[in-house]
file my_file20.txt (compact mmCIF, C-alpha atoms)
# COMPACT_ATOMS: atom_id res chain seq x y z
CA MET A 15 30.21 8.91 -18.86
CA LEU A 16 28.39 5.61 -18.63
CA PRO A 17 26.11 4.15 -21.32
CA VAL A 18 22.40 4.71 -20.70
CA ILE A 19 20.14 1.69 -20.30
CA LEU A 20 17.20 1.46 -22.69
CA PHE A 21 13.93 0.51 -21.04
CA PRO A 22 13.27 -3.20 -21.62
CA GLN A 23 10.09 -3.38 -23.66
CA ILE A 24 7.78 -5.67 -21.70
CA ASP A 25 4.25 -6.31 -22.84
CA PRO A 26 1.91 -4.91 -20.13
CA VAL A 27 -0.42 -7.82 -20.94
CA LEU A 28 0.88 -11.00 -19.36
CA VAL A 29 -1.46 -13.34 -21.21
CA ASN A 30 -4.71 -13.25 -23.14
CA ILE A 31 -7.43 -15.66 -22.08
CA GLY A 32 -9.76 -15.52 -25.04
CA PRO A 33 -10.86 -11.88 -25.40
CA PHE A 34 -9.79 -11.03 -21.84
CA PRO A 35 -6.27 -9.68 -21.31
CA ILE A 36 -4.56 -10.39 -17.98
CA ARG A 37 -2.33 -7.41 -17.23
CA TRP A 38 0.70 -7.31 -14.97
CA TYR A 39 -0.91 -4.51 -12.96
CA ALA A 40 -4.04 -6.53 -12.25
CA LEU A 41 -1.89 -9.54 -11.41
CA SER A 42 0.07 -7.46 -8.87
CA TYR A 43 -3.20 -6.63 -7.07
CA ILE A 44 -4.32 -10.26 -7.03
CA VAL A 45 -0.98 -11.71 -5.90
CA GLY A 46 -0.55 -8.91 -3.36
CA LEU A 47 -3.93 -9.64 -1.79
CA LEU A 48 -3.30 -13.40 -1.68
CA LEU A 49 0.13 -13.01 -0.08
CA ALA A 50 -1.28 -10.49 2.38
CA LEU A 51 -4.07 -12.90 3.32
CA PHE A 52 -1.54 -15.69 3.82
CA LEU A 53 0.57 -13.53 6.15
CA VAL A 54 -2.24 -11.91 8.17
CA ARG A 55 -3.81 -15.32 8.83
CA ARG A 56 -0.58 -16.18 10.64
CA LEU A 57 -0.29 -12.91 12.50
CA VAL A 58 -3.73 -12.59 14.10
CA PRO A 59 -3.43 -15.69 16.35
CA LEU A 60 -0.21 -14.33 17.92
CA THR A 61 -0.71 -13.04 21.45
CA PRO A 62 -2.40 -10.80 22.23
CA ARG A 63 -4.94 -12.14 19.73
CA ALA A 64 -6.50 -9.50 17.51
CA SER A 65 -9.19 -11.59 15.79
CA SER A 66 -9.95 -15.08 14.55
CA VAL A 67 -8.54 -16.41 11.29
CA GLU A 68 -12.11 -16.67 9.99
CA GLN A 69 -12.59 -12.94 10.57
CA VAL A 70 -9.47 -12.23 8.54
CA ASP A 71 -10.88 -14.26 5.63
CA ASP A 72 -14.18 -12.40 5.92
CA PHE A 73 -12.53 -8.98 6.04
CA PHE A 74 -10.45 -9.30 2.90
CA GLY A 75 -13.50 -8.73 0.70
CA TRP A 76 -14.05 -5.48 2.58
CA GLY A 77 -10.38 -4.59 2.27
CA ALA A 78 -10.24 -5.19 -1.49
CA LEU A 79 -13.30 -2.98 -1.95
CA GLY A 80 -11.72 -0.29 0.23
CA VAL A 81 -8.53 -0.33 -1.84
CA VAL A 82 -10.32 -0.04 -5.18
CA LEU A 83 -12.95 2.54 -4.20
CA GLY A 84 -10.60 4.57 -2.02
CA GLY A 85 -7.80 4.50 -4.57
CA ARG A 86 -10.07 5.60 -7.39
CA LEU A 87 -11.88 8.31 -5.46
CA GLY A 88 -8.60 9.53 -4.00
CA TYR A 89 -7.11 9.92 -7.47
CA ILE A 90 -10.15 11.82 -8.64
CA LEU A 91 -10.21 14.18 -5.64
CA PHE A 92 -6.47 14.71 -5.14
CA TYR A 93 -5.20 14.78 -8.71
CA GLN A 94 -7.79 15.40 -11.47
CA SER A 95 -11.02 16.63 -9.89
CA GLY A 96 -11.56 19.24 -12.62
CA TYR A 97 -11.29 16.71 -15.43
CA TYR A 98 -13.67 14.21 -13.84
CA LEU A 99 -16.22 16.93 -13.05
CA SER A 100 -16.26 17.68 -16.78
CA HIS A 101 -16.20 13.99 -17.79
CA PRO A 102 -18.15 12.15 -15.05
CA LEU A 103 -18.48 8.90 -17.05
CA SER A 104 -14.68 8.61 -17.09
CA ILE A 105 -14.82 7.92 -13.36
CA PHE A 106 -15.79 4.35 -14.17
CA GLU A 107 -13.06 3.81 -16.79
CA VAL A 108 -10.64 2.22 -14.34
CA TRP A 109 -8.94 0.23 -17.11
CA HIS A 110 -7.26 3.48 -18.18
CA GLY A 111 -5.50 3.70 -14.81
CA GLY A 112 -5.76 6.38 -12.19
CA MET A 113 -5.41 5.10 -8.62
CA SER A 114 -4.11 6.96 -5.58
CA PHE A 115 -2.36 5.04 -2.84
CA HIS A 116 -3.24 7.71 -0.29
CA GLY A 117 -6.89 7.30 -1.23
CA GLY A 118 -6.52 3.54 -0.99
CA VAL A 119 -5.16 3.90 2.55
CA VAL A 120 -8.20 5.94 3.57
CA GLY A 121 -10.45 3.32 1.98
CA VAL A 122 -8.79 0.44 3.84
CA ILE A 123 -8.82 2.33 7.15
CA LEU A 124 -12.55 2.94 6.80
CA ALA A 125 -13.10 -0.72 5.87
CA MET A 126 -11.15 -1.86 8.95
CA PHE A 127 -12.99 0.57 11.21
CA PHE A 128 -16.47 -0.48 10.14
CA TYR A 129 -15.58 -4.17 10.09
CA ALA A 130 -14.00 -4.05 13.56
CA ARG A 131 -17.06 -2.21 14.84
CA GLN A 132 -19.40 -4.79 13.32
CA GLN A 133 -17.38 -7.69 14.75
CA LYS A 134 -16.80 -5.97 18.12
CA ILE A 135 -13.02 -6.40 17.96
CA ASN A 136 -10.29 -3.88 18.77
CA PHE A 137 -9.78 -1.67 15.71
CA PHE A 138 -6.19 -0.73 16.52
CA ALA A 139 -5.07 -4.30 17.23
CA PHE A 140 -6.78 -5.61 14.09
CA SER A 141 -5.37 -2.86 11.88
CA ASP A 142 -1.88 -3.54 13.27
CA ARG A 143 -1.88 -7.04 11.79
CA ILE A 144 -3.34 -5.88 8.45
CA THR A 145 -0.83 -3.08 7.92
CA VAL A 146 2.15 -5.45 8.26
CA ALA A 147 1.14 -7.01 4.93
CA ILE A 148 0.37 -3.84 2.95
CA PRO A 149 3.98 -3.24 1.77
CA ILE A 150 3.81 -6.54 -0.14
CA GLY A 151 1.16 -5.14 -2.46
CA LEU A 152 2.97 -1.81 -2.65
CA GLY A 153 6.18 -3.42 -3.85
CA LEU A 154 4.43 -5.57 -6.44
CA GLY A 155 2.41 -2.60 -7.67
CA ARG A 156 5.53 -0.51 -8.22
CA ILE A 157 7.15 -3.36 -10.16
CA ALA A 158 4.02 -3.46 -12.32
CA ASN A 159 4.37 0.32 -12.86
CA PHE A 160 7.92 -0.30 -14.08
CA ILE A 161 6.80 -3.07 -16.44
CA ASN A 162 4.15 -0.72 -17.85
CA GLY A 163 6.79 1.98 -18.38
CA GLU A 164 4.74 4.50 -16.38
CA LEU A 165 5.38 6.86 -13.47
CA TRP A 166 9.03 7.12 -14.43
CA GLY A 167 11.53 9.32 -12.63
CA ARG A 168 13.10 12.69 -13.14
CA GLU A 169 16.01 13.33 -15.45
CA ALA A 170 19.20 11.73 -14.15
CA SER A 171 22.84 12.30 -14.84
CA THR A 172 24.40 9.83 -17.25
CA SER A 173 26.91 9.09 -14.48
CA VAL A 174 24.10 7.18 -12.75
CA PRO A 175 24.75 3.59 -13.96
CA TRP A 176 21.07 2.61 -13.87
CA ALA A 177 19.72 5.74 -15.62
CA MET A 178 17.17 4.64 -18.18
CA ILE A 179 15.42 5.91 -21.32
CA PHE A 180 11.68 5.38 -20.87
CA PRO A 181 9.15 5.34 -23.73
CA GLY A 182 7.17 8.55 -23.47
CA GLY A 183 9.85 10.11 -21.28
CA GLY A 184 11.80 11.73 -24.07
CA ASP A 185 15.40 11.04 -25.03
CA VAL A 186 16.81 11.92 -21.62
CA PRO A 187 18.04 9.36 -19.08
CA ARG A 188 15.74 9.10 -16.07
CA HIS A 189 15.72 7.55 -12.62
CA PRO A 190 13.78 4.26 -12.50
CA SER A 191 11.85 5.68 -9.55
CA GLN A 192 9.31 2.84 -9.67
CA LEU A 193 12.09 0.49 -8.56
CA TYR A 194 13.20 2.92 -5.85
CA GLU A 195 9.65 2.83 -4.51
CA ALA A 196 9.45 -0.95 -4.80
CA LEU A 197 12.59 -1.24 -2.66
CA THR A 198 11.71 1.41 -0.04
CA GLU A 199 7.90 1.43 0.23
CA GLY A 200 7.82 -2.29 -0.53
CA LEU A 201 10.75 -4.45 0.56
CA LEU A 202 12.37 -2.19 3.19
CA LEU A 203 9.09 -1.15 4.81
CA PHE A 204 7.91 -4.77 4.87
CA LEU A 205 11.11 -5.91 6.62
CA VAL A 206 10.71 -3.17 9.24
CA MET A 207 7.02 -3.97 9.78
CA TYR A 208 7.48 -7.74 9.91
CA THR A 209 10.43 -7.50 12.31
CA ALA A 210 8.44 -5.20 14.62
CA SER A 211 5.42 -7.52 14.46
CA ARG A 212 7.48 -10.40 15.89
CA SER A 213 7.84 -8.52 19.20
CA HIS A 214 5.17 -9.28 21.81
CA LYS A 215 5.85 -5.92 23.46
CA VAL A 216 5.08 -4.10 20.21
CA ARG A 217 1.93 -6.17 19.56
CA GLU A 218 0.49 -5.48 23.02
CA HIS A 219 0.59 -1.73 22.31
CA ALA A 220 -2.38 -1.68 19.94
CA GLY A 221 -1.91 0.93 17.24
CA MET A 222 1.88 0.87 17.30
CA LEU A 223 2.26 -1.10 14.06
CA GLY A 224 -0.39 0.93 12.27
CA GLY A 225 1.37 4.15 13.28
CA LEU A 226 4.72 2.71 12.23
CA PHE A 227 3.33 1.88 8.81
CA LEU A 228 1.85 5.34 8.23
CA THR A 229 5.07 7.02 9.34
CA GLY A 230 7.33 4.64 7.43
CA TYR A 231 5.37 4.92 4.21
CA GLY A 232 5.15 8.71 4.49
CA VAL A 233 8.92 9.01 4.91
CA ALA A 234 9.73 6.50 2.14
CA ARG A 235 7.30 8.04 -0.34
CA SER A 236 8.48 11.60 0.42
CA PHE A 237 12.07 10.50 -0.23
CA CYS A 238 11.22 8.77 -3.50
CA GLU A 239 9.28 11.81 -4.71
CA PHE A 240 12.62 13.63 -5.08
CA PHE A 241 13.40 11.21 -7.92
CA ARG A 242 9.92 10.75 -9.39
CA GLU A 243 8.63 12.95 -12.21
CA PRO A 244 5.43 14.71 -11.08
CA ASP A 245 2.26 14.05 -13.04
CA SER A 246 2.23 16.27 -16.13
CA PHE A 247 -1.21 17.68 -15.33
CA LEU A 248 -0.01 18.82 -11.86
CA GLY A 249 3.70 19.48 -12.09
CA PHE A 250 5.52 20.90 -9.09
CA LEU A 251 3.66 22.76 -6.39
CA PRO A 252 4.98 25.99 -4.83
CA GLY A 253 8.37 25.43 -3.24
CA GLY A 254 9.23 22.59 -5.62
CA ILE A 255 7.29 19.98 -3.65
CA THR A 256 4.91 17.45 -5.17
CA MET A 257 1.35 16.43 -4.40
CA GLY A 258 2.63 13.06 -3.19
CA GLN A 259 4.81 14.79 -0.59
CA VAL A 260 1.95 17.03 0.53
CA LEU A 261 -0.31 14.02 1.09
CA CYS A 262 2.43 12.27 3.09
CA VAL A 263 2.61 15.04 5.70
CA PRO A 264 -0.71 14.17 7.43
CA MET A 265 0.20 10.46 7.19
CA ILE A 266 3.44 11.04 9.10
CA ILE A 267 1.74 13.25 11.70
CA ILE A 268 -1.07 10.73 12.26
CA GLY A 269 1.43 7.86 12.35
CA ILE A 270 3.59 9.49 15.04
CA THR A 271 0.47 10.39 17.03
CA LEU A 272 -0.77 6.79 16.84
CA MET A 273 2.55 5.41 18.06
CA ALA A 274 2.64 7.87 20.96
CA ARG A 275 -0.94 6.99 21.91
CA ALA A 276 -0.20 3.26 21.69
CA TRP A 277 2.92 3.52 23.83
CA PHE A 278 1.21 5.32 26.72
CA ALA A 279 -2.10 3.44 26.55
CA PRO A 280 -2.67 0.37 28.77
CA PRO A 281 -1.43 -2.84 27.11
CA TYR A 282 -3.99 -4.63 24.97
CA ALA A 283 -5.01 -7.92 26.63
CA GLY A 284 -6.25 -9.58 23.45
CA LEU A 285 -9.15 -11.87 22.71
CA PRO A 286 -9.47 -15.17 24.59
CA ASP A 287 -7.95 -18.15 22.81
CA THR A 288 -11.00 -20.13 21.73
CA ARG A 289 -8.87 -23.22 21.11
CA ASP A 290 -7.76 -23.30 24.74
CA ASN A 291 -11.34 -22.75 25.89
CA ALA A 292 -12.52 -25.64 23.72
CA GLN A 293 -9.84 -27.93 25.13
CA ASP A 294 -10.74 -26.99 28.72
CA THR A 295 -14.41 -27.68 28.01
CA ALA A 296 -13.56 -31.08 26.54
CA LYS A 297 -11.47 -32.00 29.59
CA ASN A 298 -14.30 -31.06 31.94

call {"tool": "encode", "arguments": {"input": "my_file20.txt", "output": "structure tokens"}}
result
Amino acid sequence: MLPVILFPQIDPVLVNIGPFPIRWYALSYIVGLLLALFLVRRLVPLTPRASSVEQVDDFFGWGALGVVLGGRLGYILFYQSGYYLSHPLSIFEVWHGGMSFHGGVVGVILAMFFYARQQKINFFAFSDRITVAIPIGLGLGRIANFINGELWGREASTSVPWAMIFPGGGDVPRHPSQLYEALTEGLLLFLVMYTASRSHKVREHAGMLGGLFLTGYGVARSFCEFFREPDSFLGFLPGGITMGQVLCVPMIIIGITLMARAWFAPPYAGLPDTRDNAQDTAKN
């Protein structure tokens, strides 16, 4: 029998700036968005070009709004619709937590669709470059969940060397499932997505990377749900599955469908390189 690790008590507030607390969770969103912006700005110019760098900068306001609104509405609809129908003002109390990643995905997809339509660019090619960066925010968010001591895992055997006692989780050792998710949905999925994005053949099949992300996340999240304690107000669904696993099923189906469509569709030619056009005009 191995000794159980006690959860390291970390203040969820990183720093107080006057009366305003800066929390680790909020910081994970901010840093995740900035790193994603940095990466996508370098991906969109790769051939075949999906958009201009300026369009990426312009979109990220849309994307952030899609994440927040979609994540909040998804949590309300998928997890606690009854409570929020009885307490409608609580919908706006986002500082108490309550965000759904699956809802956030829907929000970002809608933001990308409407933005691509407004800008008259290829939705699938544009979304391919955006989705490569999403695992960065996922990984940081799960680390923030761990720091907050929330969303801990199921009871683990004391023979598991990293089993941990979480505050609020009773006196039983539990899996640090937040870290499992940070490694699989975050680091591992990012490495897969980034490696695939370096291939010109993959990039010219518009929709392939988006489908790979949906499938990869669905598989990773479904796996991690076997170690994560279900929300107390939901518990296990019939058959011992969780709501997270149920919501991953359509993601995987849509992801596989997108990859199949992308593979058999004609290759995406990309947008013209405006820099080359400008140089040709100057020479003439």

call {"tool": "residues_around", "arguments": {"input": "my_file20.txt", "residues": "Leu51 in chain A", "least_positions_apart": "4", "cutoff": "9 Å", "atoms": "only C-alpha atoms", "output": "PDB file with C-alpha atoms, keeping the file's coordinate frame"}}
result
ATOM      1  CA  GLY A  46      -0.550  -8.910  -3.360  1.00  0.00           C
ATOM      2  CA  LEU A  47      -3.930  -9.640  -1.790  1.00  0.00           C
ATOM      3  CA  ARG A  55      -3.810 -15.320   8.830  1.00  0.00           C
ATOM      4  CA  ARG A  56      -0.580 -16.180  10.640  1.00  0.00           C
ATOM      5  CA  VAL A  70      -9.470 -12.230   8.540  1.00  0.00           C
ATOM      6  CA  ASP A  71     -10.880 -14.260   5.630  1.00  0.00           C
ATOM      7  CA  PHE A  74     -10.450  -9.300   2.900  1.00  0.00           C
ATOM      8  CA  ILE A 144      -3.340  -5.880   8.450  1.00  0.00           C
ATOM      9  CA  ALA A 147       1.140  -7.010   4.930  1.00  0.00           C
TER      10      ALA A 147
END

call {"tool": "atom_distance", "arguments": {"input": "my_file20.txt", "atom1": "CA of Arg168 in chain A", "atom2": "CA of Cys238 in chain A"}}
result
10.6 Å

call {"tool": "atom_distance", "arguments": {"input": "my_file20.txt", "atom1": "CA of Phe278 in chain A", "atom2": "CA of Glu218 in chain A"}}
result
11.4 Å

call {"tool": "atom_distance", "arguments": {"input": "my_file20.txt", "atom1": "CA of Gly151 in chain A", "atom2": "CA of Arg235 in chain A"}}
result
14.7 Å

call {"tool": "residues_around", "arguments": {"input": "my_file20.txt", "residues": "Tyr43 in chain A", "least_positions_apart": "6", "cutoff": "12 Å", "atoms": "all atoms listed in the file", "output": "list in words"}}
result
Ile36, Arg37, Leu49, Ala50, Gly77, Ala78, Leu79, Val81, Val82, Ile148, Pro149, Ile150, Gly151, Leu152, Gly153, Leu154, Gly155, Arg156, Ile157, Ala158 and Asn159 of chain A

call {"tool": "write_last_selection", "arguments": {"input": "my_file20.txt", "atoms": "C-alpha atoms", "output": "mmCIF file, in the coordinates of the input"}}
result
data_model
loop_
_atom_site.group_PDB
_atom_site.id
_atom_site.type_symbol
_atom_site.label_atom_id
_atom_site.label_comp_id
_atom_site.auth_asym_id
_atom_site.auth_seq_id
_atom_site.Cartn_x
_atom_site.Cartn_y
_atom_site.Cartn_z
ATOM 1 C CA ILE A 36 -4.560 -10.390 -17.980
ATOM 2 C CA ARG A 37 -2.330 -7.410 -17.230
ATOM 3 C CA LEU A 49 0.130 -13.010 -0.080
ATOM 4 C CA ALA A 50 -1.280 -10.490 2.380
ATOM 5 C CA GLY A 77 -10.380 -4.590 2.270
ATOM 6 C CA ALA A 78 -10.240 -5.190 -1.490
ATOM 7 C CA LEU A 79 -13.300 -2.980 -1.950
ATOM 8 C CA VAL A 81 -8.530 -0.330 -1.840
ATOM 9 C CA VAL A 82 -10.320 -0.040 -5.180
ATOM 10 C CA ILE A 148 0.370 -3.840 2.950
ATOM 11 C CA PRO A 149 3.980 -3.240 1.770
ATOM 12 C CA ILE A 150 3.810 -6.540 -0.140
ATOM 13 C CA GLY A 151 1.160 -5.140 -2.460
ATOM 14 C CA LEU A 152 2.970 -1.810 -2.650
ATOM 15 C CA GLY A 153 6.180 -3.420 -3.850
ATOM 16 C CA LEU A 154 4.430 -5.570 -6.440
ATOM 17 C CA GLY A 155 2.410 -2.600 -7.670
ATOM 18 C CA ARG A 156 5.530 -0.510 -8.220
ATOM 19 C CA ILE A 157 7.150 -3.360 -10.160
ATOM 20 C CA ALA A 158 4.020 -3.460 -12.320
ATOM 21 C CA ASN A 159 4.370 0.320 -12.860
#

call {"tool": "residues_near_point", "arguments": {"input": "my_file20.txt", "point": "(9.2, -5.9, -21.5)", "cutoff": "9 Å", "atoms": "all atoms listed in the file", "output": "list in words"}}
result
Phe21, Pro22, Gln23, Ile24, Asp25, Pro26, Ile161, Asn162 and Gly163 of chain A

call {"tool": "axis_aligned_box", "arguments": {"input": "my_file20.txt", "around": "range 87-92 of chain A", "padding_each_side": "6 Å", "output": "lines of an AutoDock Vina configuration file"}}
result
center_x = -9.2
center_y = 11.5
center_z = -6.3
size_x = 17.4
size_y = 18.4
size_z = 16.6

call {"tool": "closest_residue", "arguments": {"input": "my_file20.txt", "among": "A:Tyr208, A:Phe115, A:Trp176, A:Tyr194", "to": "Leu53 in chain A", "atoms": "only C-alpha atoms"}}
result
A:Tyr208

call {"tool": "residues_around", "arguments": {"input": "my_file20.txt", "residues": "Ala64 in chain A", "least_positions_apart": "4", "cutoff": "10 Å", "atoms": "all atoms listed in the file", "output": "list in words"}}
result
Leu57, Val58, Pro59, Leu60, Gln69, Val70, Ile135, Asn136, Phe137, Phe138, Ala139, Phe140, Ser141, Asp142, Arg143, Arg217, Glu218, Ala220, Tyr282, Ala283, Gly284, Leu285 and Pro286 of chain A

call {"tool": "closest_residue", "arguments": {"input": "my_file20.txt", "among": "A:Ser114, A:Thr198, A:Thr271, A:Thr256", "to": "Thr229 in chain A", "atoms": "only C-alpha atoms"}}
result
A:Thr271

call {"tool": "decode", "arguments": {"input": "my_file20.txt", "residues": "range 27-37 of chain A", "atoms": "all heavy atoms", "output": "tab-separated table (two decimals), in the first residue's frame"}}
result
chain	number	residue	atom	x	y	z
A	27	VAL	N	-7.26	32.22	-6.25
A	27	VAL	CA	-7.01	33.60	-6.67
A	27	VAL	C	-5.51	33.79	-6.81
A	27	VAL	O	-4.76	33.66	-5.84
A	27	VAL	CB	-7.59	34.60	-5.65
A	27	VAL	CG1	-7.23	36.03	-6.07
A	27	VAL	CG2	-9.09	34.43	-5.53
A	28	LEU	N	-5.07	34.08	-8.03
A	28	LEU	CA	-3.65	34.28	-8.28
A	28	LEU	C	-3.14	35.55	-7.62
A	28	LEU	O	-2.13	35.55	-6.91
A	28	LEU	CB	-3.40	34.33	-9.79
A	28	LEU	CG	-1.98	34.70	-10.24
A	28	LEU	CD1	-0.98	33.66	-9.76
A	28	LEU	CD2	-1.92	34.83	-11.76
A	29	VAL	N	-3.87	36.65	-7.82
A	29	VAL	CA	-3.47	37.93	-7.27
A	29	VAL	C	-4.69	38.83	-7.18
A	29	VAL	O	-5.64	38.69	-7.97
A	29	VAL	CB	-2.37	38.58	-8.14
A	29	VAL	CG1	-2.91	38.92	-9.54
A	29	VAL	CG2	-1.79	39.82	-7.49
A	30	ASN	N	-4.69	39.73	-6.23
A	30	ASN	CA	-5.74	40.73	-6.11
A	30	ASN	C	-5.21	42.08	-6.59
A	30	ASN	O	-4.18	42.55	-6.12
A	30	ASN	CB	-6.22	40.86	-4.66
A	30	ASN	CG	-7.05	39.66	-4.23
A	30	ASN	OD1	-8.17	39.47	-4.69
A	30	ASN	ND2	-6.50	38.85	-3.35
A	31	ILE	N	-5.91	42.65	-7.54
A	31	ILE	CA	-5.58	43.99	-8.01
A	31	ILE	C	-6.66	44.93	-7.47
A	31	ILE	O	-7.75	45.04	-8.04
A	31	ILE	CB	-5.52	44.05	-9.55
A	31	ILE	CG1	-4.47	43.06	-10.06
A	31	ILE	CG2	-5.20	45.47	-10.02
A	31	ILE	CD1	-4.36	43.00	-11.56
A	32	GLY	N	-6.35	45.54	-6.33
A	32	GLY	CA	-7.36	46.34	-5.65
A	32	GLY	C	-8.49	45.42	-5.21
A	32	GLY	O	-8.26	44.35	-4.63
A	33	PRO	N	-9.74	45.77	-5.52
A	33	PRO	CA	-10.87	44.92	-5.12
A	33	PRO	C	-11.14	43.79	-6.13
A	33	PRO	O	-12.07	43.00	-5.93
A	33	PRO	CB	-12.04	45.90	-5.10
A	33	PRO	CG	-11.69	46.92	-6.14
A	33	PRO	CD	-10.18	47.04	-6.10
A	34	PHE	N	-10.35	43.70	-7.18
A	34	PHE	CA	-10.63	42.73	-8.24
A	34	PHE	C	-9.68	41.54	-8.14
A	34	PHE	O	-8.46	41.69	-8.31
A	34	PHE	CB	-10.48	43.39	-9.62
A	34	PHE	CG	-11.38	44.58	-9.81
A	34	PHE	CD1	-10.85	45.87	-9.75
A	34	PHE	CD2	-12.74	44.41	-10.03
A	34	PHE	CE1	-11.66	46.97	-9.93
A	34	PHE	CE2	-13.56	45.51	-10.21
A	34	PHE	CZ	-13.03	46.79	-10.15
A	35	PRO	N	-10.22	40.35	-7.88
A	35	PRO	CA	-9.37	39.16	-7.83
A	35	PRO	C	-9.12	38.60	-9.22
A	35	PRO	O	-10.03	38.53	-10.05
A	35	PRO	CB	-10.21	38.17	-6.99
A	35	PRO	CG	-11.63	38.57	-7.27
A	35	PRO	CD	-11.62	40.06	-7.49
A	36	ILE	N	-7.88	38.22	-9.51
A	36	ILE	CA	-7.53	37.55	-10.75
A	36	ILE	C	-7.39	36.06	-10.44
A	36	ILE	O	-6.46	35.65	-9.74
A	36	ILE	CB	-6.22	38.10	-11.35
A	36	ILE	CG1	-6.31	39.61	-11.52
A	36	ILE	CG2	-5.91	37.41	-12.67
A	36	ILE	CD1	-7.40	40.06	-12.47
A	37	ARG	N	-8.32	35.26	-10.95
A	37	ARG	CA	-8.34	33.84	-10.64
A	37	ARG	C	-7.56	33.04	-11.69
A	37	ARG	O	-7.45	33.44	-12.84
A	37	ARG	CB	-9.78	33.33	-10.55
A	37	ARG	CG	-10.59	34.02	-9.46
A	37	ARG	CD	-12.01	33.51	-9.39
A	37	ARG	NE	-12.76	34.17	-8.33
A	37	ARG	CZ	-12.77	33.78	-7.06
A	37	ARG	NH1	-12.10	32.69	-6.71
A	37	ARG	NH2	-13.46	34.44	-6.16
